[in-house]
Amino acid sequence: APEYGNGSAIRVAGAGELVLEDVVLSGSQVSPFAVGGRGGAIYLAPGADASISRSEISANNTLGLDGVGGGLYCDGCTLAMRTTTVTGN
């Protein structure tokens, strides 16, 4: 189901930490009514620290006006991705 705002599946605010291993994130979307929505599946705020390994981020989107980062949006975060597929977002 559509969600408003940023990161409809996962949202990491501030200096939060995210570790994903062996995860599939698919079919998430920011609502078409959200203006400037970021990160259809994952939104990482400034200061966030994320590590994504052996995962797939696919078929996610931002439908709203000026939406960016269909699969993932990293806004001044630290991000390490290993053996991860990002496709069709």
# chains A, B, ... in the order shown; residues from 1 in each chain; ligands from 1
>>> residues_around(residues="A:Tyr73", least_positions_apart="4", cutoff="9 Å", atoms="only C-alpha atoms", output="ChimeraX atom specification")
/A:6-7,38-45,68-69
>>> write_last_selection(atoms="all heavy atoms", output="compact mmCIF listing (two decimals), in the first residue's frame")
# COMPACT_ATOMS: atom_id res chain seq x y z
N ASN A 6 8.83 9.80 3.26
CA ASN A 6 10.10 9.21 2.85
C ASN A 6 10.24 7.77 3.35
O ASN A 6 9.91 7.48 4.48
CB ASN A 6 11.26 10.04 3.40
CG ASN A 6 11.23 11.47 2.92
OD1 ASN A 6 10.85 11.74 1.80
ND2 ASN A 6 11.63 12.39 3.76
N GLY A 7 10.79 6.91 2.50
CA GLY A 7 11.08 5.54 2.90
C GLY A 7 9.87 4.75 3.32
O GLY A 7 9.64 4.54 4.51
N ARG A 38 11.08 10.73 -0.93
CA ARG A 38 12.40 10.18 -1.21
C ARG A 38 12.48 8.75 -0.72
O ARG A 38 12.04 8.44 0.38
CB ARG A 38 13.47 11.02 -0.49
CG ARG A 38 13.49 12.44 -0.95
CD ARG A 38 14.52 13.24 -0.17
NE ARG A 38 14.49 14.61 -0.64
CZ ARG A 38 14.53 15.65 0.15
NH1 ARG A 38 14.60 15.50 1.45
NH2 ARG A 38 14.50 16.85 -0.36
N GLY A 39 13.09 7.90 -1.55
CA GLY A 39 13.33 6.52 -1.14
C GLY A 39 12.08 5.67 -1.11
O GLY A 39 11.46 5.52 -0.06
N GLY A 40 11.71 5.11 -2.25
CA GLY A 40 10.52 4.26 -2.30
C GLY A 40 10.58 3.12 -1.30
O GLY A 40 9.60 2.80 -0.64
N ALA A 41 11.74 2.50 -1.14
CA ALA A 41 11.90 1.42 -0.16
C ALA A 41 12.64 1.90 1.08
O ALA A 41 12.21 1.65 2.20
CB ALA A 41 12.64 0.24 -0.78
N ILE A 42 13.77 2.59 0.90
CA ILE A 42 14.62 2.97 2.03
C ILE A 42 14.98 4.46 1.95
O ILE A 42 15.42 4.94 0.91
CB ILE A 42 15.94 2.17 2.04
CG1 ILE A 42 15.67 0.68 2.11
CG2 ILE A 42 16.82 2.60 3.21
CD1 ILE A 42 16.93 -0.17 1.91
N TYR A 43 14.80 5.16 3.06
CA TYR A 43 15.27 6.54 3.18
C TYR A 43 16.28 6.59 4.32
O TYR A 43 16.00 6.15 5.44
CB TYR A 43 14.13 7.50 3.48
CG TYR A 43 14.61 8.90 3.79
CD1 TYR A 43 15.01 9.75 2.77
CD2 TYR A 43 14.70 9.35 5.10
CE1 TYR A 43 15.47 11.03 3.05
CE2 TYR A 43 15.16 10.63 5.39
CZ TYR A 43 15.54 11.46 4.36
OH TYR A 43 16.01 12.71 4.63
N LEU A 44 17.47 7.12 4.03
CA LEU A 44 18.54 7.27 5.03
C LEU A 44 18.82 8.75 5.21
O LEU A 44 19.30 9.42 4.30
CB LEU A 44 19.80 6.53 4.58
CG LEU A 44 19.61 5.03 4.31
CD1 LEU A 44 20.80 4.47 3.54
CD2 LEU A 44 19.39 4.29 5.61
N ALA A 45 18.50 9.27 6.38
CA ALA A 45 18.65 10.69 6.68
C ALA A 45 20.12 11.06 6.89
O ALA A 45 20.96 10.18 7.09
CB ALA A 45 17.84 11.03 7.93
N VAL A 68 12.23 11.24 -5.67
CA VAL A 68 13.55 10.76 -6.08
C VAL A 68 13.92 9.50 -5.29
O VAL A 68 13.42 9.26 -4.21
CB VAL A 68 14.65 11.84 -5.88
CG1 VAL A 68 14.44 13.01 -6.81
CG2 VAL A 68 14.69 12.30 -4.44
N GLY A 69 14.84 8.72 -5.86
CA GLY A 69 15.33 7.54 -5.16
C GLY A 69 14.31 6.44 -5.08
O GLY A 69 13.87 6.07 -4.00
>>> residues_around(residues="A:Ala59", least_positions_apart="4", cutoff="6 Å", atoms="only C-alpha atoms", output="ChimeraX atom specification")
/A:26-27,88-89
>>> closest_residue(among="A:Thr87, A:Pro46, A:Gly37, A:Gly76", to="A:Leu63", atoms="only C-alpha atoms")
A:Gly37
>>> closest_residue(among="A:Gln29, A:Thr84, A:Ser51, A:Asn60", to="A:Glu17", atoms="only C-alpha atoms")
A:Ser51
>>> residues_around(residues="stretch 32-36 of chain A", least_positions_apart="6", cutoff="8 Å", atoms="only C-alpha atoms", output="PyMOL selection string")
chain A and resi 2+4-5+62-68
>>> atom_distance(atom1="atom CA of A:Ser8", atom2="atom CA of A:Val23")
15.6 Å
